[in-house]
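To start, the structure itself, in structure tokens.
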2 protein chains.
Amino acid sequence: MKRIVSPEVLELIAERFRVLADPARLQILNVLQTGEQTVTELMRATGFRQAKVSKHLQLLYNLGFVDRRKEGLHVYYRLASEDVFLLCDIVCRRLQVEADRRQEVLEELAGLGAEA
Amino acid sequence: MKRIVSPEVLELIAERFRVLADPARLQILNVLQTGEQTVTELMRATGFRQAKVSKHLQLLYNLGFVDRRKEGLHVYYRLASEDVFLLCDIVCRRLQVEADRRQEVLEELAGLGAEA
DNA sequence: ATGGTATACTGCTGTATAGGAATTTACAAA
DNA sequence: TTTGTAAATTCCTATACAGCAGTATACCAT
């Protein structure tokens, strides 16, 4: 994204971020990182109700974040790609930087207190 | 994010994605990529109203996506880091992959049509 | 101080969506 | 076919937030 991007493309990008902007969906993705899971297994792993899990999975599926396969009664969901975690890692790195910075400020304040 | 992450951290991550999940903010960030800008310049570049630009900038500033400096009447905003574009690039790559896949499907359908 | 401009803030409305309860659909076994 | 279980969907309510209009604040110039 080196130049001015059209509103249409910006909307598509925003739509992707919107899907990741929900702790419940991130949790589901996080659980899926341990491997393929059925909806029921995801319910147990997350503590969410069935409708909630299913609805979030639909969204994730529709936007290509997860794949699924049907086997008898069960539907197995799995991550479609590792990109999600690339994205989360970048965000986590930022969180770490922010935390460090806050820590520095606190220490600076403590230092001032000692001097005063 | 290799193991199960706590709900608190997931909320922090989601919060960051939420800020990026808005075309207007992405557009502002996109414009800022061309260099430091005042609110007024951003209004002209985006066509947004003053209140809109200002509010989005507050959000972006509070979550550390942009920095600012005051000079007389003007406040100059600039990108705090290139991470935003790392994130967008990953998403864009995904969009490209999706587009390619759709294209393939269309061509496959066209092929079937020719055969039939 | 006064007037004028840049930016931030407040109150409001409409829209989107998360989550719960209940229902429906899909499938397997008896 | 009937029964039971898994998953998807529908309807509903509450909440969050984008965007607008208007107002307030900060700062410069005269």
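Residue numbers start at 1 in each chain; chains themselves are named A, B, ... in the order of the structure tokens; ligands are numbered from 1 in the order shown.
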
Do a neighbour search on region 3-15 of chain C at 9 Å with only C-alpha atoms (C1' of nucleotides), toss out local chain neighbours closer than 3 positions, and write the hits as a ChimeraX atom specification.
-> /B:39-40,50-51,54-55,73-75 /D:18,20-30

Apply DSSP to the structure's backbone, then extract all residues of chain B labelled strand (DSSP E or B) and return them as a CSV table (one decimal) with C-alpha atoms, in the first residue's frame.
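Ended up saving to out.csv:
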```csv
chain,number,residue,atom,x,y,z
B,37,GLN,CA,-0.1,16.7,7.6
B,38,THR,CA,-2.3,19.1,9.5
B,66,VAL,CA,0.0,8.2,14.9
B,67,ASP,CA,2.1,10.9,16.6
B,68,ARG,CA,1.5,14.6,16.6
B,69,ARG,CA,3.2,17.9,17.2
B,70,LYS,CA,1.8,21.3,17.8
B,71,GLU,CA,3.1,24.3,15.9
B,74,HIS,CA,-1.6,23.8,13.5
B,75,VAL,CA,-1.3,20.3,14.8
B,76,TYR,CA,0.8,18.1,12.5
B,77,TYR,CA,0.0,14.4,12.5
B,78,ARG,CA,2.3,11.7,11.3
B,79,LEU,CA,2.5,7.9,11.2
```

Go through region 51-84 of chain B and collect every residue that DSSP, computed from the backbone, puts in alpha helix (DSSP H); the answer should be as a list in words.
-> Ala51, Lys52, Val53, Ser54, Lys55, His56, Leu57, Gln58, Leu59, Leu60, Tyr61, Asn62, Asp83 and Val84 of chain B

With chain A as the partner and 12 Å as the cut-off, tabulate the residues of chain D that qualify, each row holding the nearest pair of atoms and their distance in Å to one decimal, using only C-alpha atoms (C1' of nucleotides), sorted by chain and rising number, as a tab-separated table.
```
residue	atom	partner	partner_atom	distance
D:DG4	C1'	A:Leu73	CA	11.4
D:DT5	C1'	A:Leu73	CA	7.7
D:DA6	C1'	A:Leu73	CA	5.5
D:DA7	C1'	A:Ser54	CA	7.2
D:DA8	C1'	A:Ser54	CA	7.1
D:DT9	C1'	A:Ala51	CA	8.9
D:DT10	C1'	A:Ala51	CA	11.0
```

For chain C against chain A, with a cut-off of 9 Å and counting only C-alpha atoms (C1' of nucleotides), what is the closest atom pair and its distance in Å to one decimal for every residue that makes the cut, ordered by chain and number, as a tab-separated table?
```
residue	atom	partner	partner_atom	distance
C:DA18	C1'	A:Lys52	CA	8.8
C:DG19	C1'	A:Lys52	CA	6.9
C:DG20	C1'	A:Ala51	CA	8.7
C:DA26	C1'	A:Leu73	CA	7.6
C:DC27	C1'	A:Leu73	CA	5.6
C:DA28	C1'	A:Leu73	CA	7.2
```

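Note that CA of Gln33 (chain B) and CA of Val5 (chain A) are 11.1 Å apart.
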
Pick out the chain A residues within 9 Å of chain B. Count only C-alpha atoms. Give them as a PyMOL selection string.
-> chain A and resi 1-24+26-27+30-31+33-34+64+83+85-92+94-95+98

Selected residues, N, CA and C atoms, written as a CSV table (one decimal), in the first residue's frame, please.
```csv
chain,number,residue,atom,x,y,z
A,1,MET,N,0.9,-1.2,0.0
A,1,MET,CA,0.0,0.0,0.0
A,1,MET,C,0.9,1.2,0.0
A,2,LYS,N,1.5,1.5,-1.2
A,2,LYS,CA,2.5,2.6,-1.2
A,2,LYS,C,1.8,3.9,-1.7
A,3,ARG,N,0.7,3.8,-2.4
A,3,ARG,CA,0.1,5.0,-3.0
A,3,ARG,C,-1.4,5.1,-2.4
A,4,ILE,N,-2.0,6.1,-2.9
A,4,ILE,CA,-3.4,6.3,-2.5
A,4,ILE,C,-4.3,5.2,-3.0
A,5,VAL,N,-5.0,4.6,-2.0
A,5,VAL,CA,-5.8,3.4,-2.3
A,5,VAL,C,-7.3,3.8,-2.5
A,6,SER,N,-8.0,3.2,-3.4
A,6,SER,CA,-9.4,3.5,-3.6
A,6,SER,C,-10.3,3.2,-2.5
A,7,PRO,N,-11.3,3.9,-2.3
A,7,PRO,CA,-12.3,3.7,-1.2
A,7,PRO,C,-12.8,2.2,-1.2
A,8,GLU,N,-13.0,1.7,-2.4
A,8,GLU,CA,-13.5,0.3,-2.5
A,8,GLU,C,-12.5,-0.7,-1.8
A,9,VAL,N,-11.3,-0.5,-2.2
A,9,VAL,CA,-10.3,-1.4,-1.6
A,9,VAL,C,-10.1,-1.2,-0.1
A,10,LEU,N,-10.2,0.1,0.3
A,10,LEU,CA,-10.1,0.4,1.7
A,10,LEU,C,-11.2,-0.3,2.5
A,11,GLU,N,-12.4,-0.4,1.9
A,11,GLU,CA,-13.5,-1.1,2.5
A,11,GLU,C,-13.3,-2.6,2.6
A,12,LEU,N,-12.7,-3.1,1.6
A,12,LEU,CA,-12.3,-4.6,1.7
A,12,LEU,C,-11.3,-4.9,2.8
A,13,ILE,N,-10.3,-4.0,2.9
A,13,ILE,CA,-9.3,-4.2,3.9
A,13,ILE,C,-10.0,-4.0,5.3
A,14,ALA,N,-10.8,-3.0,5.4
A,14,ALA,CA,-11.4,-2.7,6.7
A,14,ALA,C,-12.3,-3.9,7.1
A,15,GLU,N,-13.0,-4.5,6.1
A,15,GLU,CA,-13.8,-5.6,6.4
A,15,GLU,C,-13.0,-6.8,7.0
A,16,ARG,N,-11.8,-7.0,6.5
A,16,ARG,CA,-11.0,-8.1,7.1
A,16,ARG,C,-10.6,-7.7,8.5
A,17,PHE,N,-10.2,-6.5,8.7
A,17,PHE,CA,-9.8,-6.1,10.1
A,17,PHE,C,-11.0,-6.2,11.0
A,18,ARG,N,-12.2,-5.9,10.5
A,18,ARG,CA,-13.4,-6.0,11.4
A,18,ARG,C,-13.6,-7.4,11.9
A,19,VAL,N,-13.3,-8.4,11.1
A,19,VAL,CA,-13.5,-9.7,11.5
A,19,VAL,C,-12.5,-10.1,12.6
A,20,LEU,N,-11.4,-9.5,12.6
A,20,LEU,CA,-10.3,-9.8,13.6
A,20,LEU,C,-10.5,-8.9,14.8
A,21,ALA,N,-11.5,-8.0,14.8
A,21,ALA,CA,-11.6,-7.0,15.8
A,21,ALA,C,-12.6,-7.5,16.9
A,22,ASP,N,-12.6,-8.8,17.2
A,22,ASP,CA,-13.5,-9.3,18.1
A,22,ASP,C,-12.8,-10.4,18.9
A,23,PRO,N,-12.8,-10.2,20.3
A,23,PRO,CA,-12.1,-11.2,21.1
A,23,PRO,C,-12.6,-12.6,21.0
A,24,ALA,N,-13.9,-12.8,20.8
A,24,ALA,CA,-14.4,-14.1,20.7
A,24,ALA,C,-13.8,-14.8,19.4
A,26,LEU,N,-11.1,-14.0,17.9
A,26,LEU,CA,-9.6,-14.3,18.1
A,26,LEU,C,-9.4,-15.5,18.9
A,27,GLN,N,-10.3,-15.7,19.9
A,27,GLN,CA,-10.1,-16.8,20.8
A,27,GLN,C,-10.4,-18.1,20.0
A,30,ASN,N,-7.5,-18.8,17.9
A,30,ASN,CA,-6.4,-19.2,18.8
A,30,ASN,C,-6.5,-20.7,19.2
A,31,VAL,N,-7.7,-21.1,19.5
A,31,VAL,CA,-7.9,-22.5,19.8
A,31,VAL,C,-7.6,-23.4,18.5
A,33,GLN,N,-5.5,-23.0,16.4
A,33,GLN,CA,-4.1,-23.1,16.2
A,33,GLN,C,-3.6,-24.5,16.7
A,34,THR,N,-4.3,-25.0,17.6
A,34,THR,CA,-3.9,-26.3,18.2
A,34,THR,C,-4.4,-27.5,17.3
A,64,GLY,N,-12.7,-16.2,4.5
A,64,GLY,CA,-11.5,-17.0,4.2
A,64,GLY,C,-10.5,-17.2,5.2
A,83,ASP,N,-1.6,-16.4,8.2
A,83,ASP,CA,-1.6,-15.0,8.1
A,83,ASP,C,-2.1,-14.3,9.4
A,85,PHE,N,-1.9,-15.1,12.3
A,85,PHE,CA,-1.0,-15.0,13.4
A,85,PHE,C,0.2,-14.1,13.1
A,86,LEU,N,0.5,-14.0,11.8
A,86,LEU,CA,1.4,-12.9,11.4
A,86,LEU,C,0.8,-11.6,11.9
A,87,LEU,N,-0.4,-11.4,11.6
A,87,LEU,CA,-1.1,-10.1,11.9
A,87,LEU,C,-1.1,-9.9,13.4
A,88,CYS,N,-1.5,-10.9,14.2
A,88,CYS,CA,-1.5,-10.8,15.6
A,88,CYS,C,-0.1,-10.6,16.2
A,89,ASP,N,0.9,-11.2,15.6
A,89,ASP,CA,2.2,-11.0,16.1
A,89,ASP,C,2.7,-9.6,16.0
A,90,ILE,N,2.3,-9.0,14.9
A,90,ILE,CA,2.7,-7.6,14.7
A,90,ILE,C,2.0,-6.7,15.8
A,91,VAL,N,0.7,-7.0,16.0
A,91,VAL,CA,0.0,-6.2,17.0
A,91,VAL,C,0.6,-6.5,18.4
A,92,CYS,N,0.9,-7.8,18.7
A,92,CYS,CA,1.4,-8.1,20.0
A,92,CYS,C,2.8,-7.4,20.2
A,94,ARG,N,3.6,-4.6,19.1
A,94,ARG,CA,3.2,-3.2,19.4
A,94,ARG,C,2.8,-3.1,20.9
A,95,LEU,N,2.0,-4.0,21.3
A,95,LEU,CA,1.5,-4.0,22.7
A,95,LEU,C,2.7,-4.1,23.6
A,98,GLU,N,4.4,-0.8,23.7
A,98,GLU,CA,3.6,0.2,24.6
A,98,GLU,C,3.8,-0.1,26.1
```

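As for CA of Gln103 (chain A) and CA of Glu36 (chain B), they are spaced 28.4 Å apart.
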
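Comparing the minimum interatomic distances between DT17 (chain C) and each of A:Leu42, A:Leu112, A:Leu59, A:Ala80, counting only C-alpha atoms (C1' of nucleotides), we find that A:Leu59 sits nearest.
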